[in-house]
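*Asks:* Below is the file structure29.cif, which contains mmCIF, C-alpha atoms and all ligand atoms.
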```cif
data_protein
#
loop_
_atom_site.group_PDB
_atom_site.id
_atom_site.type_symbol
_atom_site.label_atom_id
_atom_site.label_comp_id
_atom_site.auth_asym_id
_atom_site.auth_seq_id
_atom_site.Cartn_x
_atom_site.Cartn_y
_atom_site.Cartn_z
ATOM 1 C CA MET Y 1 177.424 0.425 -13.162
ATOM 2 C CA SER Y 2 173.642 0.687 -13.359
ATOM 3 C CA ALA Y 3 173.357 -2.611 -11.492
ATOM 4 C CA PHE Y 4 175.502 -1.255 -8.693
ATOM 5 C CA THR Y 5 173.555 2.035 -8.649
ATOM 6 C CA ALA Y 6 170.306 0.088 -8.304
ATOM 7 C CA LEU Y 7 171.824 -1.879 -5.424
ATOM 8 C CA THR Y 8 172.946 1.342 -3.734
ATOM 9 C CA LEU Y 9 169.415 2.721 -4.076
ATOM 10 C CA THR Y 10 167.955 -0.465 -2.615
ATOM 11 C CA VAL Y 11 170.150 -0.159 0.479
ATOM 12 C CA ILE Y 12 169.040 3.477 0.845
ATOM 13 C CA ILE Y 13 165.316 2.811 0.367
ATOM 14 C CA LEU Y 14 164.836 -0.369 2.399
ATOM 15 C CA PRO Y 15 165.353 -0.734 6.139
ATOM 16 C CA LEU Y 16 168.792 -2.144 6.998
ATOM 17 C CA GLN Y 17 169.097 -5.878 7.543
ATOM 18 C CA HIS Y 18 171.682 -7.887 9.422
ATOM 19 C CA ILE Y 19 173.890 -9.851 7.039
ATOM 20 C CA THR Y 20 177.288 -11.491 7.208
ATOM 21 C CA LEU Y 21 180.268 -9.994 5.422
ATOM 22 C CA ALA Y 22 180.366 -13.080 3.169
ATOM 23 C CA THR Y 23 176.727 -12.512 2.202
ATOM 24 C CA GLY Y 24 177.447 -8.836 1.479
ATOM 25 C CA ILE Y 25 180.430 -9.565 -0.760
ATOM 26 C CA THR Y 26 178.635 -12.406 -2.552
ATOM 27 C CA ALA Y 27 175.607 -10.155 -3.083
ATOM 28 C CA VAL Y 28 177.721 -7.394 -4.682
ATOM 29 C CA ALA Y 29 179.359 -9.983 -6.962
ATOM 30 C CA ALA Y 30 175.953 -11.464 -7.851
ATOM 31 C CA ASN Y 31 174.668 -7.969 -8.559
ATOM 32 C CA LEU Y 32 177.456 -7.353 -11.091
ATOM 33 C CA VAL Y 33 176.964 -10.767 -12.704
ATOM 34 C CA GLY Y 34 173.215 -10.071 -12.848
ATOM 35 C CA GLY Y 35 173.955 -6.779 -14.582
ATOM 36 C CA LEU Y 36 175.971 -8.551 -17.285
ATOM 37 C CA THR Y 37 173.786 -11.644 -17.692
ATOM 38 C CA PRO Y 38 171.105 -10.272 -20.082
ATOM 39 C CA ASP Y 39 173.829 -9.789 -22.718
ATOM 40 C CA ILE Y 40 174.469 -13.532 -22.649
ATOM 41 C CA ASP Y 41 172.553 -13.476 -25.965
ATOM 42 C CA GLN Y 42 175.280 -11.427 -27.642
ATOM 43 C CA PRO Y 43 178.401 -13.341 -28.726
ATOM 44 C CA THR Y 44 180.640 -10.348 -28.166
ATOM 45 C CA ALA Y 45 179.133 -9.669 -24.739
ATOM 46 C CA LYS Y 46 181.534 -8.662 -22.001
ATOM 47 C CA LEU Y 47 180.499 -11.661 -19.912
ATOM 48 C CA TRP Y 48 181.857 -14.028 -22.572
ATOM 49 C CA HIS Y 49 185.087 -12.090 -22.887
ATOM 50 C CA ASP Y 50 185.651 -12.499 -19.168
ATOM 51 C CA ILE Y 51 185.432 -16.280 -19.427
ATOM 52 C CA PRO Y 52 188.477 -17.914 -21.100
ATOM 53 C CA ALA Y 53 187.506 -18.936 -24.643
ATOM 54 C CA GLY Y 54 184.167 -17.441 -23.803
ATOM 55 C CA THR Y 55 183.743 -15.818 -27.167
ATOM 56 C CA ILE Y 56 183.999 -19.201 -28.878
ATOM 57 C CA VAL Y 57 181.298 -20.582 -26.597
ATOM 58 C CA GLY Y 58 179.274 -17.457 -27.314
ATOM 59 C CA ARG Y 59 179.575 -18.011 -31.043
ATOM 60 C CA ILE Y 60 178.556 -21.639 -30.752
ATOM 61 C CA ILE Y 61 175.367 -20.955 -28.815
ATOM 62 C CA ASP Y 62 174.759 -17.702 -30.710
ATOM 63 C CA PRO Y 63 172.498 -19.188 -33.426
ATOM 64 C CA PHE Y 64 170.234 -20.534 -30.691
ATOM 65 C CA LEU Y 65 169.974 -17.251 -28.872
ATOM 66 C CA GLY Y 66 169.623 -15.121 -31.974
ATOM 67 C CA GLY Y 67 172.797 -13.056 -31.831
ATOM 68 C CA HIS Y 68 171.246 -9.863 -30.567
ATOM 69 C CA ARG Y 69 168.715 -8.869 -27.944
ATOM 70 C CA THR Y 70 166.321 -11.751 -27.622
ATOM 71 C CA ILE Y 71 164.797 -13.745 -24.789
ATOM 72 C CA SER Y 72 167.173 -12.515 -22.076
ATOM 73 C CA HIS Y 73 165.968 -8.942 -22.742
ATOM 74 C CA SER Y 74 162.308 -9.786 -22.212
ATOM 75 C CA ILE Y 75 159.786 -10.294 -19.440
ATOM 76 C CA ILE Y 76 159.854 -14.059 -19.999
ATOM 77 C CA GLY Y 77 163.642 -13.790 -19.704
ATOM 78 C CA VAL Y 78 163.379 -12.065 -16.314
ATOM 79 C CA VAL Y 79 161.109 -14.862 -15.041
ATOM 80 C CA LEU Y 80 163.243 -17.605 -16.615
ATOM 81 C CA PHE Y 81 166.588 -16.274 -15.383
ATOM 82 C CA GLY Y 82 165.029 -15.521 -11.998
ATOM 83 C CA TYR Y 83 163.896 -19.118 -11.750
ATOM 84 C CA LEU Y 84 167.167 -20.624 -13.013
ATOM 85 C CA SER Y 85 169.328 -18.456 -10.768
ATOM 86 C CA LYS Y 86 167.166 -19.423 -7.793
ATOM 87 C CA ILE Y 87 167.773 -23.109 -8.544
ATOM 88 C CA GLY Y 88 171.492 -22.496 -9.048
ATOM 89 C CA LEU Y 89 171.866 -20.492 -5.844
ATOM 90 C CA THR Y 90 169.840 -22.987 -3.830
ATOM 91 C CA ALA Y 91 172.236 -25.714 -4.989
ATOM 92 C CA LEU Y 92 175.212 -23.486 -4.108
ATOM 93 C CA SER Y 93 173.803 -22.765 -0.648
ATOM 94 C CA HIS Y 94 174.880 -26.252 0.412
ATOM 95 C CA VAL Y 95 178.464 -25.232 -0.287
ATOM 96 C CA LEU Y 96 178.535 -21.478 0.392
ATOM 97 C CA LEU Y 97 177.478 -20.290 3.815
ATOM 98 C CA VAL Y 98 175.749 -17.115 2.722
ATOM 99 C CA ASN Y 99 172.152 -15.920 2.794
ATOM 100 C CA MET Y 100 171.073 -16.806 -0.734
ATOM 101 C CA THR Y 101 167.851 -14.771 -0.509
ATOM 102 C CA PHE Y 102 169.934 -11.573 -0.417
ATOM 103 C CA VAL Y 103 172.259 -12.873 -3.099
ATOM 104 C CA TRP Y 104 169.328 -13.755 -5.357
ATOM 105 C CA TRP Y 105 167.729 -10.331 -4.945
ATOM 106 C CA ALA Y 106 171.057 -8.639 -5.664
ATOM 107 C CA PHE Y 107 171.362 -10.711 -8.849
ATOM 108 C CA MET Y 108 167.819 -9.813 -9.922
ATOM 109 C CA ILE Y 109 168.321 -6.114 -9.151
ATOM 110 C CA GLY Y 110 171.360 -6.200 -11.444
ATOM 111 C CA PHE Y 111 169.485 -8.117 -14.131
ATOM 112 C CA ILE Y 112 166.422 -5.854 -14.108
ATOM 113 C CA SER Y 113 168.497 -2.657 -14.029
ATOM 114 C CA HIS Y 114 170.133 -3.853 -17.268
ATOM 115 C CA ILE Y 115 166.696 -4.409 -18.856
ATOM 116 C CA ILE Y 116 165.654 -0.895 -17.811
ATOM 117 C CA MET Y 117 168.849 0.753 -19.113
ATOM 118 C CA ASP Y 118 168.710 -0.981 -22.507
ATOM 119 C CA LEU Y 119 165.278 0.585 -23.073
ATOM 120 C CA PHE Y 120 167.090 3.877 -23.647
ATOM 121 C CA THR Y 121 169.184 2.490 -26.494
ATOM 122 C CA HIS Y 122 168.604 2.592 -30.273
ATOM 123 C CA GLU Y 123 167.906 -1.120 -30.526
ATOM 124 C CA GLY Y 124 165.283 -1.213 -27.796
ATOM 125 C CA GLU Y 125 164.252 -4.584 -26.440
ATOM 126 C CA PRO Y 126 161.748 -7.315 -27.354
ATOM 127 C CA LEU Y 127 160.089 -7.098 -23.932
ATOM 128 C CA LEU Y 128 157.206 -9.305 -25.067
ATOM 129 C CA PHE Y 129 159.469 -11.947 -26.667
ATOM 130 C CA PRO Y 130 158.643 -14.087 -28.686
ATOM 131 C CA ILE Y 131 156.658 -11.193 -30.180
ATOM 132 C CA ASN Y 132 159.287 -9.476 -32.294
ATOM 133 C CA PHE Y 133 158.536 -5.882 -31.384
ATOM 134 C CA HIS Y 134 161.316 -3.811 -29.834
ATOM 135 C CA PHE Y 135 160.244 -1.420 -27.107
ATOM 136 C CA GLY Y 136 162.269 1.635 -26.186
ATOM 137 C CA PHE Y 137 162.156 4.964 -24.451
ATOM 138 C CA PRO Y 138 161.619 7.567 -25.779
ATOM 139 C CA PRO Y 139 159.473 5.775 -28.392
ATOM 140 C CA LEU Y 140 161.209 7.661 -31.200
ATOM 141 C CA LYS Y 141 164.320 5.579 -31.901
ATOM 142 C CA GLU Y 142 166.407 8.541 -33.073
ATOM 143 C CA LEU Y 143 166.200 10.124 -29.632
ATOM 144 C CA ARG Y 144 167.675 7.090 -27.931
ATOM 145 C CA ILE Y 145 171.307 6.307 -27.094
ATOM 146 C CA LYS Y 146 173.686 4.286 -29.239
ATOM 147 C CA THR Y 147 175.056 1.247 -27.356
ATOM 148 C CA GLY Y 148 178.776 1.652 -26.755
ATOM 149 C CA GLY Y 149 178.624 5.137 -28.226
ATOM 150 C CA ILE Y 150 180.100 8.391 -27.035
ATOM 151 C CA ILE Y 151 177.060 9.395 -24.947
ATOM 152 C CA GLU Y 152 177.188 6.113 -23.064
ATOM 153 C CA LYS Y 153 180.931 6.449 -22.449
ATOM 154 C CA LEU Y 154 181.116 10.156 -21.699
ATOM 155 C CA ILE Y 155 177.781 10.889 -20.055
ATOM 156 C CA VAL Y 156 175.914 7.795 -18.853
ATOM 157 C CA PHE Y 157 178.833 5.907 -17.295
ATOM 158 C CA PRO Y 158 180.495 8.884 -15.546
ATOM 159 C CA GLY Y 159 177.014 10.119 -14.624
ATOM 160 C CA LEU Y 160 176.248 6.877 -12.816
ATOM 161 C CA ILE Y 161 179.563 7.074 -10.946
ATOM 162 C CA LEU Y 162 178.703 10.628 -9.860
ATOM 163 C CA ILE Y 163 175.221 9.542 -8.780
ATOM 164 C CA ASN Y 164 176.772 6.809 -6.622
ATOM 165 C CA ALA Y 165 179.283 9.237 -5.139
ATOM 166 C CA TYR Y 166 176.453 11.633 -4.335
ATOM 167 C CA LEU Y 167 174.298 8.870 -2.805
ATOM 168 C CA PHE Y 168 177.150 7.626 -0.589
ATOM 169 C CA TYR Y 169 177.761 11.209 0.503
ATOM 170 C CA ALA Y 170 174.090 12.053 1.105
ATOM 171 C CA TYR Y 171 173.356 8.793 2.940
ATOM 172 C CA TYR Y 172 176.750 8.500 4.579
ATOM 173 C CA ALA Y 173 175.238 7.948 8.035
ATOM 174 C CA LYS Y 174 173.090 5.044 6.865
ATOM 175 C CA PHE Y 175 175.969 3.320 5.061
ATOM 176 C CA LEU Y 176 178.199 3.812 8.085
ATOM 177 C CA ASP Y 177 175.476 2.426 10.360
ATOM 178 C CA PHE Y 178 175.185 -0.543 8.004
ATOM 179 C CA LEU Y 179 178.915 -1.273 8.042
ATOM 180 C CA LYS Y 180 179.223 -0.782 11.794
ATOM 181 C CA HIS Y 181 176.115 -2.471 13.147
ATOM 182 C CA TYR Y 182 174.548 -4.672 10.503
ATOM 183 C CA ILE Y 183 177.476 -6.764 9.322
ATOM 184 C CA VAL Y 184 177.431 -9.738 11.665
ATOM 185 C CA ARG Y 185 179.607 -12.792 12.066
HETATM 186 ZN ZN ZN J 1 171.689 -5.688 -23.029
#
```
Rewrite the coordinates I just gave you, this time as C-alpha cells.
Ligand SMILES: [Zn+2]
*Replies:*
Amino acid sequence: MSAFTALTLTVIILPLQHITLATGITAVAANLVGGLTPDIDQPTAKLWHDIPAGTIVGRIIDPFLGGHRTISHSIIGVVLFGYLSKIGLTALSHVLLVNMTFVWWAFMIGFISHIIMDLFTHEGEPLLFPINFHFGFPPLKELRIKTGGIIEKLIVFPGLILINAYLFYAYYAKFLDFLKHYIVR
C-alpha cells in the first residue's frame, strides 16, 4: 500500500508523460512487486507465499540471506536490486513492448517506499549493511511500530488507503487528464 501511495504521489508531483496502457499496467504491477521485494530476505515473506512452494524456496535460501532484515533492507541492497532489476527488465524489453524506464522507476519507487516504511518498525533496518546496526525512526525503539501488529493493521494500512482516496479526490483533474490525454496507443 505504501508502494502504491508513493506511486500516486509521483504522478501528482511530476509533470504528466505520455505512456501506453500496457506500460501503465506493467508499471503498477512492478510497483507492487517492488514494494514486496525487500522482504525476499524473510522466509515467511508474502512474496514467497504468493509463489507456489515459495515458502520452501524461501527456507532453502534463508540461511544465505540471514532470515530477517539483511542486505535487501540496506543502501547496498537498493543499488544491487536497482541494478539487477534493470538488467532483468532490459532483457524483458525484447519480449514486452512497454517502456521499461517507467516500469523500472515504478519498481524502485515501490522498493524504496518499503525501505522507508520499515524504518518506523521495532526491528529497524541495517541501512549500512554489512555493518550490523539497525536504524529506525524515532530512534527510541519502544516508540516504533510492531510489524504485523494492531497499529499497522488498524491505523497504518487504512490510513494509507484514506490518503490515496484523498489524493485521487484532490488531484482528480490531473488523474482524469492523465487517463484521457496521456494514455496513448
Ligand atoms: Zn521489510
*Asks:* Show me which residues are within 6 Å of ligand ZN 1 (chain J) counting all atoms listed in the file, and format the list as a list in words.
*Replies:*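 Counting only what the definition allows, namely all atoms listed in the file, the set is Pro38, Asp39 and Asp118 of chain Y.
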*Asks:* Grab the atom CA of Y:Ser2 to atom CA of Y:Gly35 distance for me, in Å with one decimal place.
*Replies:*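 Computed distance, atom CA of Y:Ser2 to atom CA of Y:Gly35, equals 7.6 Å.
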*Asks:* What do you get, as a CSV table (one decimal) with C-alpha atoms, in the coordinates of the input, if you spell out every residue that the PyMOL selection byres (((chain Y and resi 100-109) around 9) and not hetatm) selects here?
*Replies:*
```
chain,number,residue,atom,x,y,z
Y,3,ALA,CA,173.4,-2.6,-11.5
Y,4,PHE,CA,175.5,-1.3,-8.7
Y,6,ALA,CA,170.3,0.1,-8.3
Y,7,LEU,CA,171.8,-1.9,-5.4
Y,10,THR,CA,168.0,-0.5,-2.6
Y,19,ILE,CA,173.9,-9.9,7.0
Y,23,THR,CA,176.7,-12.5,2.2
Y,24,GLY,CA,177.4,-8.8,1.5
Y,26,THR,CA,178.6,-12.4,-2.6
Y,27,ALA,CA,175.6,-10.2,-3.1
Y,28,VAL,CA,177.7,-7.4,-4.7
Y,29,ALA,CA,179.4,-10.0,-7.0
Y,30,ALA,CA,176.0,-11.5,-7.9
Y,31,ASN,CA,174.7,-8.0,-8.6
Y,32,LEU,CA,177.5,-7.4,-11.1
Y,33,VAL,CA,177.0,-10.8,-12.7
Y,34,GLY,CA,173.2,-10.1,-12.8
Y,35,GLY,CA,174.0,-6.8,-14.6
Y,78,VAL,CA,163.4,-12.1,-16.3
Y,81,PHE,CA,166.6,-16.3,-15.4
Y,82,GLY,CA,165.0,-15.5,-12.0
Y,85,SER,CA,169.3,-18.5,-10.8
Y,86,LYS,CA,167.2,-19.4,-7.8
Y,89,LEU,CA,171.9,-20.5,-5.8
Y,90,THR,CA,169.8,-23.0,-3.8
Y,92,LEU,CA,175.2,-23.5,-4.1
Y,93,SER,CA,173.8,-22.8,-0.6
Y,96,LEU,CA,178.5,-21.5,0.4
Y,97,LEU,CA,177.5,-20.3,3.8
Y,98,VAL,CA,175.7,-17.1,2.7
Y,99,ASN,CA,172.2,-15.9,2.8
Y,110,GLY,CA,171.4,-6.2,-11.4
Y,111,PHE,CA,169.5,-8.1,-14.1
Y,112,ILE,CA,166.4,-5.9,-14.1
Y,113,SER,CA,168.5,-2.7,-14.0
Y,114,HIS,CA,170.1,-3.9,-17.3
```
*Asks:* If the PyMOL selection byres (((chain Y and resi 133-140) around 8) and not hetatm) is run on the structure shown, which residues does it catch, given as a ChimeraX atom specification?
*Replies:* /Y:118-129,131-132,141-144
*Asks:* Between Y:Leu154, Y:Ile75, Y:Val57, Y:Leu14, single out the one closest to Y:Gln42, counting all atoms listed in the file.
*Replies:*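 The shortest atom-to-atom distance to Y:Gln42 comes from Y:Val57.
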*Asks:* Because the input lacks atoms here, generate N, CA and C atoms for stretch 137-167 of chain Y and report them as an mmCIF file, in the coordinates of the input.
*Replies:*
```
data_model
loop_
_atom_site.group_PDB
_atom_site.id
_atom_site.type_symbol
_atom_site.label_atom_id
_atom_site.label_comp_id
_atom_site.auth_asym_id
_atom_site.auth_seq_id
_atom_site.Cartn_x
_atom_site.Cartn_y
_atom_site.Cartn_z
ATOM 1 N N PHE Y 137 162.566 3.659 -24.958
ATOM 2 C CA PHE Y 137 162.156 4.964 -24.451
ATOM 3 C C PHE Y 137 163.245 5.993 -24.729
ATOM 4 N N PRO Y 138 162.936 7.172 -25.252
ATOM 5 C CA PRO Y 138 161.619 7.567 -25.779
ATOM 6 C C PRO Y 138 161.223 6.707 -26.992
ATOM 7 N N PRO Y 139 159.926 6.646 -27.299
ATOM 8 C CA PRO Y 139 159.473 5.775 -28.392
ATOM 9 C C PRO Y 139 160.168 6.074 -29.728
ATOM 10 N N LEU Y 140 160.529 7.318 -29.948
ATOM 11 C CA LEU Y 140 161.209 7.661 -31.200
ATOM 12 C C LEU Y 140 162.677 7.222 -31.108
ATOM 13 N N LYS Y 141 163.010 6.222 -31.930
ATOM 14 C CA LYS Y 141 164.320 5.579 -31.901
ATOM 15 C C LYS Y 141 165.497 6.564 -31.985
ATOM 16 N N GLU Y 142 165.321 7.588 -32.827
ATOM 17 C CA GLU Y 142 166.407 8.541 -33.073
ATOM 18 C C GLU Y 142 166.821 9.292 -31.805
ATOM 19 N N LEU Y 143 165.906 9.374 -30.859
ATOM 20 C CA LEU Y 143 166.200 10.124 -29.632
ATOM 21 C C LEU Y 143 166.914 9.268 -28.589
ATOM 22 N N ARG Y 144 167.063 7.967 -28.916
ATOM 23 C CA ARG Y 144 167.675 7.090 -27.931
ATOM 24 C C ARG Y 144 169.195 7.014 -28.110
ATOM 25 N N ILE Y 145 169.844 6.363 -27.141
ATOM 26 C CA ILE Y 145 171.307 6.307 -27.094
ATOM 27 C C ILE Y 145 171.861 5.130 -27.894
ATOM 28 N N LYS Y 146 173.029 5.355 -28.504
ATOM 29 C CA LYS Y 146 173.686 4.286 -29.239
ATOM 30 C C LYS Y 146 174.514 3.456 -28.252
ATOM 31 N N THR Y 147 174.309 2.126 -28.268
ATOM 32 C CA THR Y 147 175.056 1.247 -27.356
ATOM 33 C C THR Y 147 176.549 1.331 -27.645
ATOM 34 N N GLY Y 148 177.327 1.573 -26.603
ATOM 35 C CA GLY Y 148 178.776 1.652 -26.755
ATOM 36 C C GLY Y 148 179.232 2.942 -27.399
ATOM 37 N N GLY Y 149 178.302 3.868 -27.580
ATOM 38 C CA GLY Y 149 178.624 5.137 -28.226
ATOM 39 C C GLY Y 149 179.196 6.157 -27.262
ATOM 40 N N ILE Y 150 179.421 7.342 -27.800
ATOM 41 C CA ILE Y 150 180.100 8.391 -27.035
ATOM 42 C C ILE Y 150 179.244 8.892 -25.858
ATOM 43 N N ILE Y 151 177.931 8.928 -26.043
ATOM 44 C CA ILE Y 151 177.060 9.395 -24.947
ATOM 45 C C ILE Y 151 177.115 8.418 -23.786
ATOM 46 N N GLU Y 152 177.105 7.128 -24.120
ATOM 47 C CA GLU Y 152 177.188 6.113 -23.064
ATOM 48 C C GLU Y 152 178.511 6.245 -22.308
ATOM 49 N N LYS Y 153 179.607 6.414 -23.069
ATOM 50 C CA LYS Y 153 180.931 6.449 -22.449
ATOM 51 C C LYS Y 153 181.216 7.752 -21.709
ATOM 52 N N LEU Y 154 180.748 8.866 -22.287
ATOM 53 C CA LEU Y 154 181.116 10.156 -21.699
ATOM 54 C C LEU Y 154 180.063 10.742 -20.773
ATOM 55 N N ILE Y 155 178.830 10.309 -20.903
ATOM 56 C CA ILE Y 155 177.781 10.889 -20.055
ATOM 57 C C ILE Y 155 177.149 9.856 -19.123
ATOM 58 N N VAL Y 156 176.654 8.755 -19.682
ATOM 59 C CA VAL Y 156 175.914 7.795 -18.853
ATOM 60 C C VAL Y 156 176.815 7.151 -17.792
ATOM 61 N N PHE Y 157 177.948 6.608 -18.234
ATOM 62 C CA PHE Y 157 178.833 5.907 -17.295
ATOM 63 C C PHE Y 157 179.394 6.835 -16.201
ATOM 64 N N PRO Y 158 180.022 7.966 -16.595
ATOM 65 C CA PRO Y 158 180.495 8.884 -15.546
ATOM 66 C C PRO Y 158 179.344 9.424 -14.704
ATOM 67 N N GLY Y 159 178.190 9.621 -15.341
ATOM 68 C CA GLY Y 159 177.014 10.119 -14.624
ATOM 69 C C GLY Y 159 176.605 9.169 -13.515
ATOM 70 N N LEU Y 160 176.618 7.877 -13.821
ATOM 71 C CA LEU Y 160 176.248 6.877 -12.816
ATOM 72 C C LEU Y 160 177.263 6.846 -11.667
ATOM 73 N N ILE Y 161 178.535 7.036 -11.998
ATOM 74 C CA ILE Y 161 179.563 7.074 -10.946
ATOM 75 C C ILE Y 161 179.305 8.276 -10.036
ATOM 76 N N LEU Y 162 178.992 9.420 -10.646
ATOM 77 C CA LEU Y 162 178.703 10.628 -9.860
ATOM 78 C C LEU Y 162 177.465 10.442 -8.989
ATOM 79 N N ILE Y 163 176.444 9.787 -9.550
ATOM 80 C CA ILE Y 163 175.221 9.542 -8.780
ATOM 81 C C ILE Y 163 175.547 8.686 -7.549
ATOM 82 N N ASN Y 164 176.374 7.653 -7.748
ATOM 83 C CA ASN Y 164 176.772 6.809 -6.622
ATOM 84 C C ASN Y 164 177.554 7.608 -5.578
ATOM 85 N N ALA Y 165 178.486 8.421 -6.057
ATOM 86 C CA ALA Y 165 179.283 9.237 -5.139
ATOM 87 C C ALA Y 165 178.358 10.146 -4.334
ATOM 88 N N TYR Y 166 177.402 10.756 -5.023
ATOM 89 C CA TYR Y 166 176.453 11.633 -4.335
ATOM 90 C C TYR Y 166 175.634 10.846 -3.305
ATOM 91 N N LEU Y 167 175.129 9.669 -3.708
ATOM 92 C CA LEU Y 167 174.298 8.870 -2.805
ATOM 93 C C LEU Y 167 175.068 8.432 -1.559
#
```
